[in-house]
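Q: Have a look at this one before I ask anything.
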Amino acid sequence: MTRAQPPETQTGTPAVEPSELLLLRDVRKTFPGVVANDGVTMAVRAGEVHALLGENGAGKTTLMNVLYGIHQPDSGEIWLRGRQVRIRSPRDALALGIGMVPQHFLLVRRHTVAENVALGLPGPGFIAPARQIEPRIRELADRYGLSVDPRAHIWQLSPSEQQRVEIVKALIRGARLLILDEPTSVLTPQEARGLFEVLRRMKLEGQAVIFISHKLDEVAEIADRVTVMRKGRGVATLPVAETDRHSLARLMVGRDVEFRLRRSARAPDGEAIAVEDLVARNDRGLPALRGISLSVQRGEILGIAGVAGNGQRELVEVITGLRPSTGGRVKVLGRDVTNLSARAVHLAGVAHVPEDRMRMGIVPGMSVAENLVLRDYRHPPFSRGPVMNRQAMGEFARRMISEYEIVTPGPATPTRLLSGGNIQKLILGRELSGQPDVIVAAHPTSGLDVSAAEQIHRLLLKRREEGAAVLLVSEDLDEILALSDRIAVLLSGEIVGVVDTAKSDRERIGLLMMGQRQ
Amino acid sequence: MKRLGPFRVERVLVPSGAWVLTVSLGAVAAALVAAGMIFWAFGINPLRAYAMIFAGTLADRRAAPEILRQATPLLLGGLGLVLAFRAQFWNIGAEGQLLAGAVAATGVALFTPIPAPWLLPAMFVAGFLGGALWGMLPTLLRLKLEVNEVVSTLMMNYVALFSVEWLIHGPWKGKTAFGFAYTDTFPEAARLALIPGTRVHWPTLVLGIALAGALAFFLGRARLGFEIRVLGENPVAARYAGIDPVRTILLAMVFSAGAAGLAGVGEVAGIHHKLLAPGQVSLGYGYAAIIVAWLARGSPLAAIITALFLGLIYSSGDVMKVTLQMPFRVTDVFNGLILFFLIGSERLLNYRLRWAPGGRPVETADA
């Protein structure tokens with residue numbers, strides 16, 4: 001593929017204020033059928049944390065991929081330190097001092113930290129490059145508080161440690177401007193605080209950080225300035241100190257968003273989920289649930305709060321029939337469903353909104369209509385005997401699309417082409433269409449933008465009003481607080497406390513999550 | 001946005017049918033060009049060689065039916081593989097399953113007292129079961145012990161090959177074979193009807209076409225077909241939906257291996273009328289069926305077309321042997337090149353060229 005290239009850099013009149021490290025001007029980038037960036041302008045100063053805030057699909061990641069040389073803009077300019085630059089690849093970006101920590105880490109799992117950092121680095125020699133750069137890794141670790149053991153293997157590290165490795169990789173390559181793509185999505189609240197500490201130290205060293213996020217709290221906590229994007233456009237750049245959550249949310253979604261969902265008081269009537277002394281192991285055969293007991297009434301939402309990896313996944317899987325328990329009982333609507341198959345549990349009236357929607361909730365290559373019947377394809381009207389009824393599937397799909405406001409070109413569209421929020425609406429439509437009396441929802445809004453999350457919340461609350469029992473597992477404490485009637489805190493496979501939401505506050509739950517029993 | 005001359009290169013998420021066809025034909029064309037190098041190395045002008053192949057196959061009224069004859073086992077084997085591949089079960093063992101079907105049919109033809117009108121149907125049933133049985137071992141190994149099916153199905157081909165050798169040299173060696181290694185010939189009632197003047201055993205061909213239609217319906221409309229597609233595309237979602245992977249894969253493989261077994265029945269009952277050396281029973285149809293299935297991209301009806309295309313290549317092997325004095329096995333090189341270019345072209349499906357002249361000023365060196 002050959003084409004003429006404009007010169008690498010043009011030294012023009014510095015149209016940028018000297019304090020501005022980076023200026024993106026009128027960047028436009030289109031993909032087939034989509035305008036991802038529609039003339040975005042954004043300036044970043046040295047020594048600041050600059051948040052890039054926007055809903056999913058607002059064009060944040062595309063803009064950063066343009067800056068990092070992964071995409072080429074259709075038009076627009078990039079100015080760095082007063083000079084216009086052309087960034088044709090991540091290699092160009094790194095040479096210009098721009099580093100990126102991707103959302104999904106690009107690390108060789110079987111190699112050590114030092115080996116991963118040394119990979120592709122021009123500095124160290126041919127022999128034992130990893131050993132040679134260990135001192136530099138340690139030096140960076142000390143300077144920024146990025147504690148990582150250079151000799152540890154990647155597979156031994158937690159997501160938070162792997163993220164630190166990615167940051168070290170960028171810094172060692174001389175990045176003066178670091179792009180973090182939704183860095184807290186893989187972190188526990190404590191780990192996120194650790195990351196913010198690192199970012200503050202980087203600021204003091206004069207580094208600039210672009211922090212992609214759609215969480216308002218984080219932006220308020222760490223950023224100096226924020227650029228809000230909506231539908232491919234930069235709608236505003238503001239100092240964080242001069243704004244508040246509500247006005248940011250308004251800029252982000254273009255209208256006011258309810259933060260407190262109105263929950264009508266409802267007298268719970270009758271136990272719908274009863275879990276007694278449940279014991280189960282995780283995928284590695286280690287104890288994950290150590291005697292869990294809980295009870296959810298009809299018309300009640302029980303939130304399960306806790307730091308990820310304390311048994312949430314195993315609890316959900318055992319209840320929904322996807323994982324065998326080694327002890328204890330699960331009763332649903334008065335029926336013992338302990339260790340029944342996933343299909344039998346579903347038929348007993350349990351809806352399951354799985355935590356990983358792309359991996360478990362849908363078949364990405366199959367159509368919207370087919371995914372909508374994934375649970376009930378065996379039963380009339382979708383199946384009569386061994387043959388499926390395409391017409392009934394199509395009718396059902398059209399009804400679900402309009403009822404749940406699923407944005408799709410049509411029922412025959414492959415589901416992988418839908419946005420995350422619409423995929424989740426599809427899953428909810430499928431799971432709630434049978435009017436289930438028990439709903440197990442795991443991280444139902446993770447990765448969704450504010451307005452999609454709001455829709456999902458409304459759907460869950462509606463089922464609660466109609467008398468369903470909901471077990472809500474989430475890492476988002478705000479979500480738990482907004483939706484739940486009661487909150488159970490899970491720690492190391494045990495329930496360490498159950499509190500009434502109305503009589504509780506974040507601090508108390510946070511303390512329970514971190515293992516401080518009262 | 002990358003540019004290629006006056007075109008703009010764009011990414012597409014769902015390739016159109018026309019584009020899939022264009023890319024596939026392009027890959028085949030590239031393979032023919034590469035194969036031309038081989039003609040050239042043999043000292044034959046490639047254009048002349050292709051002209052002679054055309055004259056000796058499609059344009060020759062007596063040779064053209066040979067394409068149908070070769071396409072018959074390729075279609076049956078290919079249909080089985082279409083189903084296995086949709087279930088993401090990489091069955092590379094159609095060759096062995098075909099031979100197992102041929103052995104089972106031979107056993108029924110020579111050693112059972114089944115009366116005439118029922119003999120051929122019984123042979124087809126036996127062939128289907130024989131092939132299915134041969135496919136069962138690697139399937140169970142994969143489902144119960146997670147043994148990689150690519151290796152095990154491939155190895156089973158060699159077991160089948162040497163088992164046939166043993167049968168025709170040993171216990172099943174024909175009394176009338178005068179020292180040659182093959183069985184006695186089948187009774188008249190165990191021979192398939194031919195289209196007069198050709199070697200096309202039409203009942204097998206009709207069976208293949210009917211099966212293609214049935215399979216298309218099965219995948220699109222049947223509950224089990226739905227389950228196979230879900231399982232193939234996302235095993236985790238299949239678990240969530242309560243689909244039993246063991247039962248589903250097992251049933252898919254019974255059909256997949258059974259269809260290859262039917263192809264084996266057609267070869268012994270339609271062409272040879274005896275069991276003979278494995279290299280003569282199947283000219284590598286089980287391997288070429290992989291290309292048939294891959295070219296068809298999971299569509300049973302498209303497999304009819306791709307089987308005919310591979311049949312054409314097999315017939316051209318005869319022309320190359322007779323007219324051009326090249327070894328028949330050159331067809332294997334052809335098949336290999338086609339598969340190579342097809343897999344290599346896979347990435348292209350996600351891109352398209354758009355005519356956009358002058359979309360950006362093109363710098364030239366005239367300044």
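Identifiers in the structure tokens: chain A, B, ... in order shown; residue index from 1 per chain; ligand index from 1 in order shown.
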Provide as a ChimeraX atom specification the residues of chain A at most 9 Å from chain B, counting only C-alpha atoms.
A: /A:1-6,29-32,71-74,320-322,341-344,346,352,354,358-366,370,374-378,383,385-390,414,417
Q: Name the residues in contact with Ile427 of chain A at a cut-off of 8 Å, using only C-alpha atoms, excluding same-chain residues fewer than 2 positions from it; report them as a ChimeraX atom specification.
A: /A:353,361-362,372,423-425,429-431
Q: Output N, CA and C atoms of each residue in that selection to a file, as a tab-separated table (two decimals), in the first residue's frame.
A:
chain	number	residue	atom	x	y	z
A	353	VAL	N	-29.40	-12.53	34.90
A	353	VAL	CA	-28.69	-11.55	34.06
A	353	VAL	C	-27.22	-11.75	34.37
A	361	GLY	N	-24.09	-14.10	28.11
A	361	GLY	CA	-25.46	-13.67	27.93
A	361	GLY	C	-26.00	-13.80	26.51
A	362	ILE	N	-25.10	-13.75	25.53
A	362	ILE	CA	-25.57	-13.81	24.14
A	362	ILE	C	-24.64	-14.67	23.30
A	372	LEU	N	-32.97	-13.67	21.53
A	372	LEU	CA	-34.10	-13.40	22.41
A	372	LEU	C	-34.81	-14.68	22.86
A	423	ILE	N	-27.39	-4.56	24.05
A	423	ILE	CA	-27.25	-5.99	24.33
A	423	ILE	C	-27.83	-6.30	25.70
A	424	GLN	N	-27.54	-5.42	26.67
A	424	GLN	CA	-28.05	-5.67	28.02
A	424	GLN	C	-29.57	-5.56	28.04
A	425	LYS	N	-30.12	-4.63	27.26
A	425	LYS	CA	-31.58	-4.51	27.20
A	425	LYS	C	-32.18	-5.77	26.59
A	429	GLY	N	-34.76	-8.05	28.45
A	429	GLY	CA	-36.04	-8.35	27.82
A	429	GLY	C	-36.30	-9.85	27.81
A	430	ARG	N	-35.27	-10.60	27.44
A	430	ARG	CA	-35.41	-12.05	27.38
A	430	ARG	C	-35.68	-12.61	28.77
A	431	GLU	N	-34.92	-12.17	29.76
A	431	GLU	CA	-35.02	-12.75	31.09
A	431	GLU	C	-36.31	-12.33	31.80
Q: So, counting only C-alpha atoms, which residue among A:Pro444, A:Gly145, A:Gly120, A:Gly99 is closest to Glu166 of chain A?
A: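 Looking only at the distances to Glu166 of chain A, the closest residue turns out to be A:Gly99.
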Q: Any idea what the distance is between atom CA of Ile172 of chain A and atom CA of Ala128 of chain A?
A: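 Atom CA of Ala128 of chain A lies at a distance of 17.2 Å from atom CA of Ile172 of chain A.
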Q: Tell me, which residues of segment 124-201 of chain B carry DSSP helix (DSSP H, G or I), written as a PyMOL selection string?
A: chain B and resi 124-145+149-169+188-190
Q: Step one, run DSSP on the backbone; step two, keep only residues of segment 171-390 of chain A assigned to strand (DSSP E or B); then write them as a PyMOL selection string.
A: chain A and resi 177-181+208-213+225-230+233-239+271-281+287-297+301-305+327-332+335-336+350-353+367+383-384+387-388
Q: Pick out the residues sitting within 7 Å of Arg110 of chain A, and hand them over as a short mmCIF file (atom, residue, chain, number, x, y, z; two decimals) with N, CA and C atoms, in the first residue's frame; count only C-alpha atoms, and ignore anything fewer than 4 positions along from it in its own chain.
A:
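And here is the file that came out, selection-v8.cif:
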data_model
loop_
_atom_site.label_atom_id
_atom_site.label_comp_id
_atom_site.auth_asym_id
_atom_site.auth_seq_id
_atom_site.Cartn_x
_atom_site.Cartn_y
_atom_site.Cartn_z
N HIS A 153 5.84 -13.16 37.59
CA HIS A 153 5.24 -13.49 36.29
C HIS A 153 3.87 -12.81 36.21
N ILE A 154 3.52 -12.41 34.99
CA ILE A 154 2.28 -11.66 34.82
C ILE A 154 1.08 -12.45 35.33
N TRP A 155 1.05 -13.75 35.08
CA TRP A 155 -0.14 -14.53 35.46
C TRP A 155 -0.33 -14.56 36.96
#
Q: Identify which of the residues B:Ala190, B:Ala102, B:Ala27, B:Leu58 lies closest to Trp118 of chain B, counting only C-alpha atoms when measuring atom-to-atom distances.
A: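 The closest residue to Trp118 of chain B is B:Ala190.
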Q: Would you list the contacts of segment 38-50 of chain A as a CSV table (one decimal) with N, CA and C atoms, in the first residue's frame, taking every protein, DNA or RNA residue within 8 Å and counting only C-alpha atoms, but skipping same-chain residues closer than 2 positions in sequence?
A:
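Produced file selection14.csv, reproduced below:
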chain,number,residue,atom,x,y,z
A,19,SER,N,1.8,26.9,27.6
A,19,SER,CA,1.5,26.0,28.8
A,19,SER,C,0.8,24.8,28.3
A,20,GLU,N,0.3,24.8,27.1
A,20,GLU,CA,-0.5,23.7,26.6
A,20,GLU,C,0.4,22.7,25.9
A,21,LEU,N,0.4,21.5,26.5
A,21,LEU,CA,1.3,20.4,26.0
A,21,LEU,C,0.7,19.9,24.7
A,22,LEU,N,-0.6,19.7,24.7
A,22,LEU,CA,-1.2,19.0,23.5
A,22,LEU,C,-2.4,19.8,23.1
A,23,LEU,N,-2.6,19.9,21.8
A,23,LEU,CA,-3.8,20.5,21.3
A,23,LEU,C,-4.4,19.6,20.2
A,24,LEU,N,-5.6,19.1,20.4
A,24,LEU,CA,-6.3,18.4,19.3
A,24,LEU,C,-7.3,19.4,18.7
A,25,ARG,N,-7.2,19.7,17.4
A,25,ARG,CA,-8.0,20.7,16.8
A,25,ARG,C,-8.9,20.1,15.7
A,26,ASP,N,-10.2,20.2,15.9
A,26,ASP,CA,-11.2,19.9,14.9
A,26,ASP,C,-11.0,18.4,14.4
A,27,VAL,N,-10.7,17.5,15.3
A,27,VAL,CA,-10.4,16.1,14.8
A,27,VAL,C,-11.7,15.5,14.4
A,28,ARG,N,-11.7,15.0,13.2
A,28,ARG,CA,-12.9,14.3,12.7
A,28,ARG,C,-12.5,12.9,12.2
A,29,LYS,N,-13.3,11.9,12.6
A,29,LYS,CA,-13.0,10.5,12.3
A,29,LYS,C,-14.3,9.8,12.0
A,35,VAL,N,-20.2,8.6,12.4
A,35,VAL,CA,-19.2,9.6,12.7
A,35,VAL,C,-18.8,9.5,14.2
A,36,ALA,N,-17.6,9.0,14.4
A,36,ALA,CA,-17.1,8.8,15.8
A,36,ALA,C,-16.7,10.1,16.4
A,52,LEU,N,-11.5,12.8,30.4
A,52,LEU,CA,-12.3,12.8,29.2
A,52,LEU,C,-13.6,12.0,29.5
A,76,GLY,N,-8.4,17.4,10.6
A,76,GLY,CA,-8.1,17.9,11.9
A,76,GLY,C,-6.6,17.9,12.2
A,177,LEU,N,3.0,12.2,28.4
A,177,LEU,CA,1.6,12.3,28.3
A,177,LEU,C,1.0,10.9,28.4
A,199,LEU,N,-1.2,8.8,40.2
A,199,LEU,CA,-1.5,9.9,39.2
A,199,LEU,C,-1.1,11.2,39.9
A,202,MET,N,2.5,11.7,39.6
A,202,MET,CA,2.9,12.0,38.2
A,202,MET,C,2.7,13.4,37.9
A,203,LYS,N,1.6,14.0,38.4
A,203,LYS,CA,1.3,15.4,38.2
A,203,LYS,C,2.5,16.3,38.7
A,204,LEU,N,2.9,15.9,39.9
A,204,LEU,CA,4.0,16.7,40.6
A,204,LEU,C,5.2,16.7,39.7
A,205,GLU,N,5.4,15.6,39.0
A,205,GLU,CA,6.6,15.5,38.1
A,205,GLU,C,6.4,16.2,36.8
A,206,GLY,N,5.3,16.8,36.6
A,206,GLY,CA,5.0,17.5,35.4
A,206,GLY,C,4.5,16.7,34.3
A,207,GLN,N,4.1,15.5,34.6
A,207,GLN,CA,3.4,14.6,33.6
A,207,GLN,C,2.0,15.1,33.3
A,208,ALA,N,1.5,14.8,32.1
A,208,ALA,CA,0.1,15.1,31.8
A,208,ALA,C,-0.6,13.7,31.7
A,209,VAL,N,-1.8,13.7,32.2
A,209,VAL,CA,-2.5,12.4,32.2
A,209,VAL,C,-3.9,12.7,31.6
A,210,ILE,N,-4.3,11.9,30.6
A,210,ILE,CA,-5.7,11.9,30.1
A,210,ILE,C,-6.4,10.7,30.6
A,211,PHE,N,-7.5,10.9,31.3
A,211,PHE,CA,-8.1,9.9,32.1
A,211,PHE,C,-9.5,9.7,31.5
A,222,ILE,N,-10.2,13.0,41.0
A,222,ILE,CA,-8.8,13.0,40.6
A,222,ILE,C,-8.5,14.1,39.5
A,223,ALA,N,-9.5,14.5,38.8
A,223,ALA,CA,-9.1,15.4,37.6
A,223,ALA,C,-9.0,16.9,38.0
A,224,ASP,N,-8.2,17.6,37.2
A,224,ASP,CA,-8.1,19.0,37.4
A,224,ASP,C,-9.1,19.7,36.4
A,225,ARG,N,-9.0,19.2,35.2
A,225,ARG,CA,-10.0,19.7,34.2
A,225,ARG,C,-10.7,18.6,33.6
A,226,VAL,N,-11.8,18.8,33.0
A,226,VAL,CA,-12.6,17.8,32.3
A,226,VAL,C,-13.1,18.2,31.0
A,227,THR,N,-12.9,17.4,30.0
A,227,THR,CA,-13.6,17.6,28.7
A,227,THR,C,-14.7,16.6,28.6
A,232,GLY,N,-19.8,12.2,19.8
A,232,GLY,CA,-18.7,12.5,18.9
A,232,GLY,C,-18.2,14.0,18.9
A,233,ARG,N,-18.9,14.8,19.8
A,233,ARG,CA,-18.4,16.2,19.8
A,233,ARG,C,-17.9,16.5,21.2
A,234,GLY,N,-16.9,17.4,21.3
A,234,GLY,CA,-16.5,17.9,22.6
A,234,GLY,C,-17.5,19.0,23.0
A,237,THR,N,-15.0,22.0,28.0
A,237,THR,CA,-13.9,21.8,28.8
A,237,THR,C,-13.9,22.7,30.0
Q: Quick one: residues within 12 Å of Glu134 of chain A, only C-alpha atoms counted, chain neighbours fewer than 4 positions away excluded, as a list in words?
A: Thr112, Val113, Ala114, Glu115, Asn116, Val117, Ala118, Pro124, Ala128, Pro129, Ala130, Arg138, Glu139, Leu140, Ala141, Val148, Asp149, Pro150, Arg151, Ala152, Val168 and Ile172 of chain A
Q: Output N, CA and C atoms for every residue in the selection just made, as a PDB file, in the first residue's frame.
A:
ATOM      1  N   THR A 112       7.922 -12.549  32.749  1.00  0.00           N
ATOM      2  CA  THR A 112       7.996 -11.756  33.967  1.00  0.00           C
ATOM      3  C   THR A 112       7.662 -10.305  33.651  1.00  0.00           C
ATOM      4  N   VAL A 113       7.505  -9.538  34.709  1.00  0.00           N
ATOM      5  CA  VAL A 113       7.236  -8.109  34.571  1.00  0.00           C
ATOM      6  C   VAL A 113       8.375  -7.450  33.782  1.00  0.00           C
ATOM      7  N   ALA A 114       9.615  -7.734  34.195  1.00  0.00           N
ATOM      8  CA  ALA A 114      10.753  -7.096  33.536  1.00  0.00           C
ATOM      9  C   ALA A 114      10.817  -7.491  32.065  1.00  0.00           C
ATOM     10  N   GLU A 115      10.528  -8.751  31.774  1.00  0.00           N
ATOM     11  CA  GLU A 115      10.563  -9.189  30.373  1.00  0.00           C
ATOM     12  C   GLU A 115       9.510  -8.474  29.548  1.00  0.00           C
ATOM     13  N   ASN A 116       8.338  -8.286  30.131  1.00  0.00           N
ATOM     14  CA  ASN A 116       7.284  -7.573  29.416  1.00  0.00           C
ATOM     15  C   ASN A 116       7.662  -6.114  29.176  1.00  0.00           C
ATOM     16  N   VAL A 117       8.301  -5.525  30.179  1.00  0.00           N
ATOM     17  CA  VAL A 117       8.699  -4.124  30.018  1.00  0.00           C
ATOM     18  C   VAL A 117       9.805  -4.012  28.974  1.00  0.00           C
ATOM     19  N   ALA A 118      10.728  -4.993  28.971  1.00  0.00           N
ATOM     20  CA  ALA A 118      11.870  -4.933  28.055  1.00  0.00           C
ATOM     21  C   ALA A 118      11.458  -5.213  26.614  1.00  0.00           C
ATOM     22  N   PRO A 124      17.973  -1.762  26.203  1.00  0.00           N
ATOM     23  CA  PRO A 124      18.812  -2.818  26.746  1.00  0.00           C
ATOM     24  C   PRO A 124      19.408  -3.695  25.652  1.00  0.00           C
ATOM     25  N   ALA A 128      20.203 -10.843  28.216  1.00  0.00           N
ATOM     26  CA  ALA A 128      19.446 -10.610  29.451  1.00  0.00           C
ATOM     27  C   ALA A 128      18.899  -9.188  29.547  1.00  0.00           C
ATOM     28  N   PRO A 129      18.099  -8.777  28.573  1.00  0.00           N
ATOM     29  CA  PRO A 129      17.577  -7.406  28.614  1.00  0.00           C
ATOM     30  C   PRO A 129      16.740  -7.148  29.863  1.00  0.00           C
ATOM     31  N   ALA A 130      16.028  -8.199  30.313  1.00  0.00           N
ATOM     32  CA  ALA A 130      15.148  -7.992  31.453  1.00  0.00           C
ATOM     33  C   ALA A 130      15.953  -7.615  32.696  1.00  0.00           C
ATOM     34  N   ARG A 138      12.644  -0.477  39.174  1.00  0.00           N
ATOM     35  CA  ARG A 138      12.600  -0.186  40.616  1.00  0.00           C
ATOM     36  C   ARG A 138      12.616   1.315  40.864  1.00  0.00           C
ATOM     37  N   GLU A 139      13.420   2.023  40.066  1.00  0.00           N
ATOM     38  CA  GLU A 139      13.528   3.473  40.253  1.00  0.00           C
ATOM     39  C   GLU A 139      12.174   4.143  39.984  1.00  0.00           C
ATOM     40  N   LEU A 140      11.533   3.735  38.871  1.00  0.00           N
ATOM     41  CA  LEU A 140      10.214   4.296  38.550  1.00  0.00           C
ATOM     42  C   LEU A 140       9.196   3.930  39.624  1.00  0.00           C
ATOM     43  N   ALA A 141       9.289   2.695  40.101  1.00  0.00           N
ATOM     44  CA  ALA A 141       8.353   2.227  41.116  1.00  0.00           C
ATOM     45  C   ALA A 141       8.462   3.098  42.358  1.00  0.00           C
ATOM     46  N   VAL A 148       5.797  -2.859  41.961  1.00  0.00           N
ATOM     47  CA  VAL A 148       5.690  -4.134  41.239  1.00  0.00           C
ATOM     48  C   VAL A 148       7.019  -4.861  41.390  1.00  0.00           C
ATOM     49  N   ASP A 149       6.938  -6.175  41.478  1.00  0.00           N
ATOM     50  CA  ASP A 149       8.142  -6.988  41.540  1.00  0.00           C
ATOM     51  C   ASP A 149       8.555  -7.312  40.109  1.00  0.00           C
ATOM     52  N   PRO A 150       9.727  -6.819  39.663  1.00  0.00           N
ATOM     53  CA  PRO A 150      10.108  -7.029  38.262  1.00  0.00           C
ATOM     54  C   PRO A 150      10.241  -8.494  37.894  1.00  0.00           C
ATOM     55  N   ARG A 151      10.452  -9.353  38.892  1.00  0.00           N
ATOM     56  CA  ARG A 151      10.663 -10.766  38.557  1.00  0.00           C
ATOM     57  C   ARG A 151       9.389 -11.605  38.658  1.00  0.00           C
ATOM     58  N   ALA A 152       8.289 -10.993  39.058  1.00  0.00           N
ATOM     59  CA  ALA A 152       7.036 -11.749  39.135  1.00  0.00           C
ATOM     60  C   ALA A 152       6.537 -12.048  37.728  1.00  0.00           C
ATOM     61  N   VAL A 168       4.217   1.333  33.926  1.00  0.00           N
ATOM     62  CA  VAL A 168       5.686   1.325  33.894  1.00  0.00           C
ATOM     63  C   VAL A 168       6.171   1.216  32.447  1.00  0.00           C
ATOM     64  N   ILE A 172       8.632   4.054  31.011  1.00  0.00           N
ATOM     65  CA  ILE A 172      10.018   3.712  30.687  1.00  0.00           C
ATOM     66  C   ILE A 172      10.330   4.046  29.232  1.00  0.00           C
TER      67      ILE A 172
END
Q: Please build the interface table for segment 3-72 of chain B against segment 290-298 of chain B with a cut-off of 10 Å, listing for each qualifying residue the nearest atom pair and the distance in Å to one decimal; count only C-alpha atoms, order rows by chain and increasing number, and write it as CSV.
A:
residue,atom,partner,partner_atom,distance
B:Val20,CA,B:Arg297,CA,9.2
B:Leu21,CA,B:Leu295,CA,9.5
B:Ser24,CA,B:Leu295,CA,7.2
B:Leu25,CA,B:Leu295,CA,9.6
B:Val28,CA,B:Leu295,CA,9.7
B:Ala71,CA,B:Val292,CA,9.7
Q: Write the selection just made, keeping N, CA and C atoms, as an mmCIF file, in the first residue's frame?
A:
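So result15.cif came out as:
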data_model
loop_
_atom_site.group_PDB
_atom_site.id
_atom_site.type_symbol
_atom_site.label_atom_id
_atom_site.label_comp_id
_atom_site.auth_asym_id
_atom_site.auth_seq_id
_atom_site.Cartn_x
_atom_site.Cartn_y
_atom_site.Cartn_z
ATOM 1 N N VAL B 20 -18.277 -11.820 -0.113
ATOM 2 C CA VAL B 20 -17.755 -13.143 0.245
ATOM 3 C C VAL B 20 -17.454 -13.929 -1.018
ATOM 4 N N LEU B 21 -18.380 -13.852 -1.973
ATOM 5 C CA LEU B 21 -18.192 -14.572 -3.236
ATOM 6 C C LEU B 21 -16.979 -14.033 -3.979
ATOM 7 N N SER B 24 -13.801 -15.147 -2.278
ATOM 8 C CA SER B 24 -13.578 -16.580 -2.471
ATOM 9 C C SER B 24 -13.088 -16.860 -3.888
ATOM 10 N N LEU B 25 -13.759 -16.238 -4.872
ATOM 11 C CA LEU B 25 -13.340 -16.449 -6.257
ATOM 12 C C LEU B 25 -11.931 -15.904 -6.472
ATOM 13 N N VAL B 28 -9.501 -18.415 -5.231
ATOM 14 C CA VAL B 28 -9.384 -19.535 -6.165
ATOM 15 C C VAL B 28 -8.550 -19.121 -7.374
ATOM 16 N N ALA B 71 -17.862 -35.268 -7.842
ATOM 17 C CA ALA B 71 -18.497 -34.349 -6.885
ATOM 18 C C ALA B 71 -19.350 -35.096 -5.868
#
Q: Taking into account only C-alpha atoms, which residue in the set A:Asp142, A:Glu454, A:Glu395, A:Asp485 is nearest to Gln297 of chain A?
A: A:Asp485
